[in-house]
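Q: Contents of run18.json (JSON, C-alpha atoms):
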```json
[["chain", "number", "residue", "atom", "x", "y", "z"],
["A", 1, "MET", "CA", -164.72, 89.66, -23.76],
["A", 2, "ILE", "CA", -165.50, 87.17, -20.99],
["A", 3, "GLY", "CA", -164.23, 83.78, -21.94],
["A", 4, "THR", "CA", -161.57, 82.52, -19.52],
["A", 5, "ASP", "CA", -161.25, 78.83, -18.93],
["A", 6, "ASP", "CA", -161.68, 79.35, -15.18],
["A", 7, "TYR", "CA", -165.01, 81.05, -15.59],
["A", 8, "PHE", "CA", -166.31, 78.43, -18.01],
["A", 9, "ASP", "CA", -165.14, 75.68, -15.65],
["A", 10, "ASP", "CA", -167.03, 77.30, -12.76],
["A", 11, "ILE", "CA", -170.43, 77.16, -14.47],
["A", 12, "GLY", "CA", -169.71, 73.91, -16.30],
["A", 13, "ALA", "CA", -172.54, 72.49, -18.37],
["A", 14, "HIS", "CA", -174.75, 75.49, -17.58],
["A", 15, "LYS", "CA", -172.78, 77.88, -19.76],
["A", 16, "ALA", "CA", -174.28, 79.70, -22.74],
["A", 17, "LEU", "CA", -173.17, 82.73, -24.78],
["A", 18, "TRP", "CA", -174.75, 86.16, -24.95],
["A", 19, "CYS", "CA", -173.43, 87.63, -28.19],
["A", 20, "THR", "CA", -172.91, 91.39, -28.39],
["A", 21, "ALA", "CA", -170.37, 91.38, -31.21],
["A", 22, "PRO", "CA", -170.44, 94.78, -33.00],
["A", 23, "ASP", "CA", -168.94, 93.63, -36.32],
["A", 24, "SER", "CA", -168.26, 90.54, -38.39],
["A", 25, "GLY", "CA", -164.73, 90.13, -37.02],
["A", 26, "ASP", "CA", -166.00, 89.95, -33.46],
["A", 27, "LEU", "CA", -168.81, 87.68, -34.58],
["A", 28, "ALA", "CA", -166.24, 85.28, -36.04],
["A", 29, "ARG", "CA", -164.42, 85.27, -32.70],
["A", 30, "VAL", "CA", -167.69, 84.49, -30.92],
["A", 31, "ALA", "CA", -168.26, 81.55, -33.27],
["A", 32, "ALA", "CA", -164.71, 80.34, -32.62],
["A", 33, "MET", "CA", -165.31, 80.59, -28.86],
["A", 34, "ALA", "CA", -168.50, 78.57, -29.23],
["A", 35, "ALA", "CA", -166.55, 75.88, -31.08],
["A", 36, "LEU", "CA", -163.70, 75.88, -28.52],
["A", 37, "HIS", "CA", -166.06, 75.76, -25.53],
["A", 38, "PRO", "CA", -169.00, 73.71, -26.84],
["A", 39, "MET", "CA", -172.09, 75.80, -26.19],
["A", 40, "PRO", "CA", -175.64, 74.51, -25.89],
["A", 41, "MET", "CA", -177.06, 77.96, -26.66],
["A", 42, "ILE", "CA", -176.09, 81.32, -28.12],
["A", 43, "SER", "CA", -178.25, 84.41, -27.79],
["A", 44, "ALA", "CA", -177.82, 86.90, -30.64],
["A", 45, "VAL", "CA", -179.56, 89.87, -32.17],
["A", 46, "PRO", "CA", -181.64, 88.91, -35.23],
["A", 47, "ASP", "CA", -179.22, 90.52, -37.70],
["A", 48, "ASP", "CA", -176.43, 88.16, -36.55],
["A", 49, "VAL", "CA", -178.40, 84.92, -36.75],
["A", 50, "ALA", "CA", -177.73, 84.06, -40.39],
["A", 51, "MET", "CA", -173.95, 84.52, -40.13],
["A", 52, "LEU", "CA", -173.69, 82.61, -36.85],
["A", 53, "TRP", "CA", -175.75, 79.77, -38.28],
["A", 54, "ALA", "CA", -173.45, 79.55, -41.31],
["A", 55, "TRP", "CA", -170.47, 79.02, -39.00],
["A", 56, "LEU", "CA", -172.16, 76.87, -36.36],
["A", 57, "GLU", "CA", -174.57, 74.80, -38.44],
["A", 58, "LYS", "CA", -172.60, 71.60, -37.81],
["A", 59, "THR", "CA", -172.07, 72.19, -34.07],
["A", 60, "PRO", "CA", -174.43, 71.38, -31.18],
["A", 61, "ALA", "CA", -175.03, 75.11, -30.55],
["A", 62, "ARG", "CA", -178.64, 76.27, -30.69],
["A", 63, "ILE", "CA", -179.05, 79.91, -31.70],
["A", 64, "PHE", "CA", -181.69, 82.04, -30.02],
["A", 65, "ALA", "CA", -182.66, 85.34, -31.61],
["A", 66, "ARG", "CA", -183.54, 87.95, -29.00],
["A", 67, "PHE", "CA", -186.28, 90.52, -29.25],
["A", 68, "TYR", "CA", -187.53, 93.31, -27.00],
["A", 69, "MET", "CA", -191.18, 94.17, -26.53],
["A", 70, "PRO", "CA", -191.79, 97.89, -25.88],
["A", 71, "ALA", "CA", -193.75, 98.81, -22.76],
["A", 72, "ARG", "CA", -197.45, 98.02, -23.29],
["A", 73, "GLY", "CA", -196.58, 96.84, -26.82],
["A", 74, "ALA", "CA", -198.24, 93.50, -26.17],
["A", 75, "ARG", "CA", -201.59, 95.32, -26.25],
["A", 76, "ASP", "CA", -200.96, 96.60, -29.77],
["A", 77, "GLU", "CA", -201.88, 94.13, -32.51],
["A", 78, "ARG", "CA", -199.51, 95.84, -34.95],
["A", 79, "VAL", "CA", -196.56, 95.47, -32.56],
["A", 80, "VAL", "CA", -197.31, 91.79, -31.98],
["A", 81, "SER", "CA", -197.78, 91.17, -35.71],
["A", 82, "GLY", "CA", -194.48, 92.87, -36.53],
["A", 83, "LEU", "CA", -192.73, 90.84, -33.85],
["A", 84, "THR", "CA", -194.07, 87.54, -35.16],
["A", 85, "ALA", "CA", -192.88, 88.44, -38.68],
["A", 86, "ARG", "CA", -189.36, 89.17, -37.41],
["A", 87, "ILE", "CA", -189.31, 85.97, -35.37],
["A", 88, "ASN", "CA", -190.39, 83.97, -38.42],
["A", 89, "THR", "CA", -187.57, 85.54, -40.46],
["A", 90, "ALA", "CA", -185.02, 84.61, -37.76],
["A", 91, "PHE", "CA", -186.24, 81.01, -37.83],
["A", 92, "LYS", "CA", -185.82, 80.87, -41.60],
["A", 93, "GLN", "CA", -182.23, 82.13, -41.14],
["A", 94, "GLY", "CA", -181.30, 79.36, -38.72],
["A", 95, "ALA", "CA", -182.52, 80.34, -35.25],
["A", 96, "HIS", "CA", -183.66, 77.45, -33.09],
["A", 97, "GLY", "CA", -185.64, 79.66, -30.76],
["A", 98, "ALA", "CA", -186.55, 83.21, -29.76],
["A", 99, "GLN", "CA", -186.02, 85.08, -26.52],
["A", 100, "ILE", "CA", -188.59, 87.83, -26.02],
["A", 101, "PHE", "CA", -187.88, 90.33, -23.26],
["A", 102, "MET", "CA", -190.60, 92.54, -21.80],
["A", 103, "ARG", "CA", -191.95, 94.08, -18.63],
["A", 104, "ALA", "CA", -193.37, 91.48, -16.29],
["A", 105, "SER", "CA", -196.65, 93.41, -16.23],
["A", 106, "ASP", "CA", -197.00, 92.87, -20.01],
["A", 107, "LEU", "CA", -196.67, 89.08, -19.90],
["A", 108, "MET", "CA", -200.38, 88.30, -19.68],
["A", 109, "ASP", "CA", -201.21, 90.69, -22.51],
["A", 110, "PHE", "CA", -198.47, 89.05, -24.54],
["A", 111, "ALA", "CA", -199.92, 85.60, -23.84],
["A", 112, "ASP", "CA", -203.30, 86.88, -25.08],
["A", 113, "GLY", "CA", -201.77, 88.43, -28.20],
["A", 114, "MET", "CA", -199.76, 85.35, -29.13],
["A", 115, "GLY", "CA", -202.51, 82.86, -28.47],
["A", 116, "ALA", "CA", -203.71, 82.50, -32.08],
["A", 117, "VAL", "CA", -200.25, 82.11, -33.65],
["A", 118, "ARG", "CA", -198.10, 80.60, -30.93],
["A", 119, "ASP", "CA", -198.29, 76.94, -32.02],
["A", 120, "ASP", "CA", -197.72, 77.58, -35.73],
["A", 121, "LEU", "CA", -194.95, 80.12, -35.17],
["A", 122, "PHE", "CA", -193.04, 78.00, -32.67],
["A", 123, "PHE", "CA", -193.58, 74.60, -34.25],
["A", 124, "ASN", "CA", -190.34, 72.70, -33.54],
["A", 125, "ARG", "CA", -188.91, 75.93, -32.11],
["A", 126, "THR", "CA", -188.43, 77.15, -28.53],
["A", 127, "LEU", "CA", -190.09, 80.21, -27.03],
["A", 128, "ALA", "CA", -188.32, 81.86, -24.11],
["A", 129, "VAL", "CA", -189.65, 84.93, -22.31],
["A", 130, "GLY", "CA", -187.43, 87.22, -20.28],
["A", 131, "VAL", "CA", -188.02, 89.65, -17.43],
["A", 132, "ASP", "CA", -185.82, 91.87, -15.29],
["A", 133, "VAL", "CA", -185.57, 90.39, -11.80],
["A", 134, "ALA", "CA", -185.93, 93.90, -10.37],
["A", 135, "ASP", "CA", -189.25, 94.31, -12.20],
["A", 136, "VAL", "CA", -191.00, 91.53, -10.26],
["A", 137, "GLY", "CA", -192.17, 91.94, -6.68],
["A", 138, "PRO", "CA", -191.88, 89.02, -4.24],
["A", 139, "PHE", "CA", -195.58, 88.14, -4.58],
["A", 140, "GLU", "CA", -195.75, 88.65, -8.35],
["A", 141, "TRP", "CA", -193.78, 85.61, -9.48],
["A", 142, "GLY", "CA", -196.89, 83.44, -9.43],
["A", 143, "GLY", "CA", -198.37, 85.62, -12.17],
["A", 144, "VAL", "CA", -195.13, 85.40, -14.16],
["A", 145, "PHE", "CA", -195.21, 81.60, -14.09],
["A", 146, "ASP", "CA", -198.92, 81.60, -14.93],
["A", 147, "ALA", "CA", -198.10, 83.54, -18.10],
["A", 148, "VAL", "CA", -195.20, 81.19, -18.87],
["A", 149, "ARG", "CA", -197.58, 78.23, -18.59],
["A", 150, "ARG", "CA", -200.16, 79.88, -20.85],
["A", 151, "LEU", "CA", -197.47, 80.56, -23.44],
["A", 152, "ARG", "CA", -196.04, 77.06, -23.03],
["A", 153, "ALA", "CA", -192.66, 78.75, -22.98],
["A", 154, "GLY", "CA", -189.65, 76.47, -22.94],
["A", 155, "ALA", "CA", -187.69, 78.84, -20.71],
["A", 156, "LEU", "CA", -188.04, 81.80, -18.40],
["A", 157, "VAL", "CA", -185.05, 84.12, -18.72],
["A", 158, "ILE", "CA", -184.28, 86.07, -15.54],
["A", 159, "VAL", "CA", -182.19, 89.18, -16.21],
["A", 160, "LEU", "CA", -180.12, 91.18, -13.75],
["A", 161, "ALA", "CA", -179.96, 94.40, -15.75],
["A", 162, "ARG", "CA", -178.25, 96.38, -12.98],
["A", 163, "ASP", "CA", -176.45, 94.92, -10.00],
["A", 164, "GLY", "CA", -176.98, 97.18, -7.03],
["A", 165, "GLY", "CA", -175.07, 94.94, -4.67],
["A", 166, "ALA", "CA", -176.84, 94.16, -1.39],
["A", 167, "ARG", "CA", -179.49, 96.79, -2.17],
["A", 168, "CYS", "CA", -180.88, 94.80, -5.10],
["A", 169, "ASP", "CA", -181.51, 91.72, -2.89],
["A", 170, "PHE", "CA", -180.74, 89.39, -5.78],
["A", 171, "VAL", "CA", -180.76, 86.27, -3.61],
["A", 172, "GLY", "CA", -184.11, 87.18, -2.05],
["A", 173, "ARG", "CA", -185.68, 87.82, -5.44],
["A", 174, "ILE", "CA", -184.45, 84.52, -6.89],
["A", 175, "TYR", "CA", -185.68, 82.77, -3.75],
["A", 176, "ALA", "CA", -189.15, 84.27, -4.31],
["A", 177, "ALA", "CA", -189.08, 83.20, -7.97],
["A", 178, "LEU", "CA", -188.16, 79.62, -7.13],
["A", 179, "ASN", "CA", -190.73, 79.50, -4.37],
["A", 180, "ALA", "CA", -193.39, 80.25, -6.99],
["A", 181, "ALA", "CA", -192.01, 77.84, -9.60],
["A", 182, "ALA", "CA", -193.79, 74.71, -8.37],
["A", 183, "ASP", "CA", -194.78, 72.46, -11.27],
["A", 184, "ALA", "CA", -193.26, 74.90, -13.78],
["A", 185, "LYS", "CA", -192.62, 73.08, -17.05],
["A", 186, "CYS", "CA", -189.96, 75.52, -18.23],
["A", 187, "ASP", "CA", -186.20, 75.79, -17.91],
["A", 188, "LEU", "CA", -184.60, 78.66, -16.06],
["A", 189, "HIS", "CA", -182.06, 80.83, -17.86],
["A", 190, "PHE", "CA", -180.09, 83.69, -16.34],
["A", 191, "VAL", "CA", -178.54, 86.78, -17.89],
["A", 192, "LEU", "CA", -176.29, 88.18, -15.17],
["A", 193, "GLY", "CA", -173.78, 90.32, -17.02],
["A", 194, "GLY", "CA", -170.95, 87.85, -16.47],
["A", 195, "ALA", "CA", -171.04, 88.19, -12.66],
["A", 196, "ALA", "CA", -169.59, 84.89, -11.43],
["A", 197, "MET", "CA", -170.85, 85.43, -7.88],
["A", 198, "ARG", "CA", -174.44, 85.94, -9.06],
["A", 199, "ALA", "CA", -174.22, 82.83, -11.25],
["A", 200, "GLU", "CA", -173.00, 80.83, -8.26],
["A", 201, "GLN", "CA", -175.81, 82.19, -6.08],
["A", 202, "ALA", "CA", -178.47, 81.39, -8.67],
["A", 203, "LEU", "CA", -177.19, 77.87, -9.30],
["A", 204, "ARG", "CA", -176.92, 77.15, -5.59],
["A", 205, "LEU", "CA", -180.49, 78.28, -4.95],
["A", 206, "VAL", "CA", -181.92, 76.25, -7.85],
["A", 207, "ARG", "CA", -180.08, 73.14, -6.73],
["A", 208, "ALA", "CA", -181.32, 73.58, -3.15],
["A", 209, "MET", "CA", -184.93, 74.59, -3.85],
["A", 210, "ARG", "CA", -185.77, 73.08, -7.26],
["A", 211, "PRO", "CA", -183.25, 70.31, -7.91],
["A", 212, "GLU", "CA", -185.53, 68.93, -10.63],
["A", 213, "MET", "CA", -184.95, 72.15, -12.60],
["A", 214, "ALA", "CA", -181.17, 72.29, -12.14],
["A", 215, "GLY", "CA", -180.34, 70.39, -15.31],
["A", 216, "GLY", "CA", -182.10, 72.98, -17.48],
["A", 217, "VAL", "CA", -180.37, 76.03, -16.00],
["A", 218, "ARG", "CA", -178.34, 78.12, -18.44],
["A", 219, "VAL", "CA", -176.22, 81.12, -17.55],
["A", 220, "PHE", "CA", -175.58, 83.45, -20.48],
["A", 221, "VAL", "CA", -172.05, 84.86, -20.43],
["A", 222, "PRO", "CA", -171.38, 88.06, -22.40],
["A", 223, "ALA", "CA", -169.20, 87.44, -25.43],
["A", 224, "GLY", "CA", -168.13, 90.31, -27.64],
["A", 225, "ASN", "CA", -167.57, 93.96, -26.88],
["A", 226, "GLY", "CA", -169.61, 94.78, -23.85],
["A", 227, "GLY", "CA", -172.07, 93.26, -21.45],
["A", 228, "VAL", "CA", -175.79, 92.77, -21.44],
["A", 229, "SER", "CA", -177.62, 94.79, -24.08]]
```
Reformat the file's structure so that it appears as structure tokens.
A:
Amino acid sequence: MIGTDDYFDDIGAHKALWCTAPDSGDLARVAAMAALHPMPMISAVPDDVAMLWAWLEKTPARIFARFYMPARGARDERVVSGLTARINTAFKQGAHGAQIFMRASDLMDFADGMGAVRDDLFFNRTLAVGVDVADVGPFEWGGVFDAVRRLRAGALVIVLARDGGARCDFVGRIYAALNAAADAKCDLHFVLGGAAMRAEQALRLVRAMRPEMAGGVRVFVPAGNGGVS
């Protein structure tokens, strides 16, 4: 479990929790951590939302249920319909928002598929869409932000699924993303597997290139047994 005071101090107000607790005992420890280190956001699988909400209802923490769209699933009306039903259930169980992760190439199809239900489903709730930073070429970020605008997403979640060191060119990819983020009306969230160096790099770039977006940056730190999953 990543939860040292030093690490939380390093990312300060940008901290958030990525919950991967495998059982109720670990889930209780995650809730205790969220109470000890006040968290603006917690990302959890849908099955954990109701229990987390029961423990954290009276805290400032906002719970986001996370969902994964299969490749090309955004083109399938049945997949989109099933996803909206599961999101609606998570909201009824206490989730404040939903994170939906998918291939960057599926974002526009997803925006088309969600168009008719987006406003009703996310009334007083936050929609966040997530992509793997390695899945987006340097000249493709404009299309990503176009889809985010069409969806009126409250946040774009940038995921570093695998850190290949210098070979993954993380800094260059985040630079390209921020270069395309002009007039973006969304927050930027990062899922970096608990890598403090990557969090520092991302925060430094946002502050330098898009200072107006810096206040909305959140870095999700793994909490539970394991990392990003």
Q: Please, what distance in Å, to one decimal, runs between CA of Gly115 in chain A and CA of Met41 in chain A?
A: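 According to the coordinates, CA of Gly115 in chain A and CA of Met41 in chain A are separated by 26.0 Å.
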Q: So what do you get for CA of Ala155 in chain A versus CA of Ala21 in chain A, distance-wise?
A: 23.8 Å
Q: Near Asp109 in chain A, counting all atoms listed in the file, which residues have an atom at most 9 Å away, once you skip same-chain residues fewer than 4 positions from it, shown as a list in words?
A: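 Neighbouring residues, sequence-local ones excluded: Arg72, Gly73, Ala74, Arg75, Ser105, Gly113, Met114 and Ala147 of chain A.
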Q: Could you work out how far CA of Gly194 in chain A lies from CA of Val221 in chain A, giving the answer in Å with one decimal?
A: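 Going from CA of Val221 in chain A over to CA of Gly194 in chain A covers 5.1 Å.
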Q: Which residues come within 9 Å of Pro70 in chain A, counting all atoms listed in the file, excluding same-chain residues fewer than 4 positions away, as a PyMOL selection string?
A: chain A and resi 74+79+101-103
Q: In the coordinate frame of the file, compute which residues have an atom within 9 Å of (-184.9, 83.5, -10.1) when using only C-alpha atoms, and state them as a PyMOL selection string.
A: chain A and resi 133+157-159+170-178+188-190+202+205-206
Q: Using all atoms listed in the file for the distances, tell me which of A:Pro46, A:Gly164, A:Pro211, A:Pro222 is nearest to Ala196 in chain A.
A: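 So, comparing all the options, the nearest one is A:Pro222.
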Q: Go through A:Arg29, A:Lys92, A:Arg62, A:Arg162 one by one, measure the shortest atom-to-atom distance of each to Ala195 in chain A using only C-alpha atoms, and give the residue with the smallest value.
A: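 Between A:Arg29, A:Lys92, A:Arg62, A:Arg162, the residue approaching Ala195 in chain A most closely is A:Arg162.
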Q: Give the answer as one residue: which of A:Asp119, A:Asn179, A:Ile42, A:Met197 has the shortest atom-to-atom distance to Trp141 in chain A, using all atoms listed in the file?
A: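 The closest residue to Trp141 in chain A is A:Asn179.
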Q: Pick from A:Ala111, A:Arg218, A:Gly137, A:Ala90: nearest to Glu200 in chain A, with all atoms listed in the file counted?
A: A:Arg218
Q: So, with only C-alpha atoms as the atoms that count, which of A:Val191, A:Met51, A:Val80, A:Val148 lies closest to Asp23 in chain A?
A: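 Closest candidate: A:Met51.
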Q: Of the candidates A:Arg210, A:Phe64, A:Gly143, A:Val131, which one gets nearest to Cys19 in chain A if we count only C-alpha atoms?
A: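 Using only C-alpha atoms, the shortest distance to Cys19 in chain A belongs to A:Phe64.
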Q: Which polymer residues, protein or nucleic acid, are no farther than 6 Å from (-183.7, 89.6, -31.9), counting all atoms listed in the file, as number ranges by chain?
A: A: 45-46, 65-67
Q: Could you save those same residues with C-alpha atoms as a PDB file, in the frame of the given file?
A:
```
ATOM      1  CA  VAL A  45    -179.560  89.870 -32.170  1.00  0.00           C
ATOM      2  CA  PRO A  46    -181.640  88.910 -35.230  1.00  0.00           C
ATOM      3  CA  ALA A  65    -182.660  85.340 -31.610  1.00  0.00           C
ATOM      4  CA  ARG A  66    -183.540  87.950 -29.000  1.00  0.00           C
ATOM      5  CA  PHE A  67    -186.280  90.520 -29.250  1.00  0.00           C
TER       6      PHE A  67
END
```
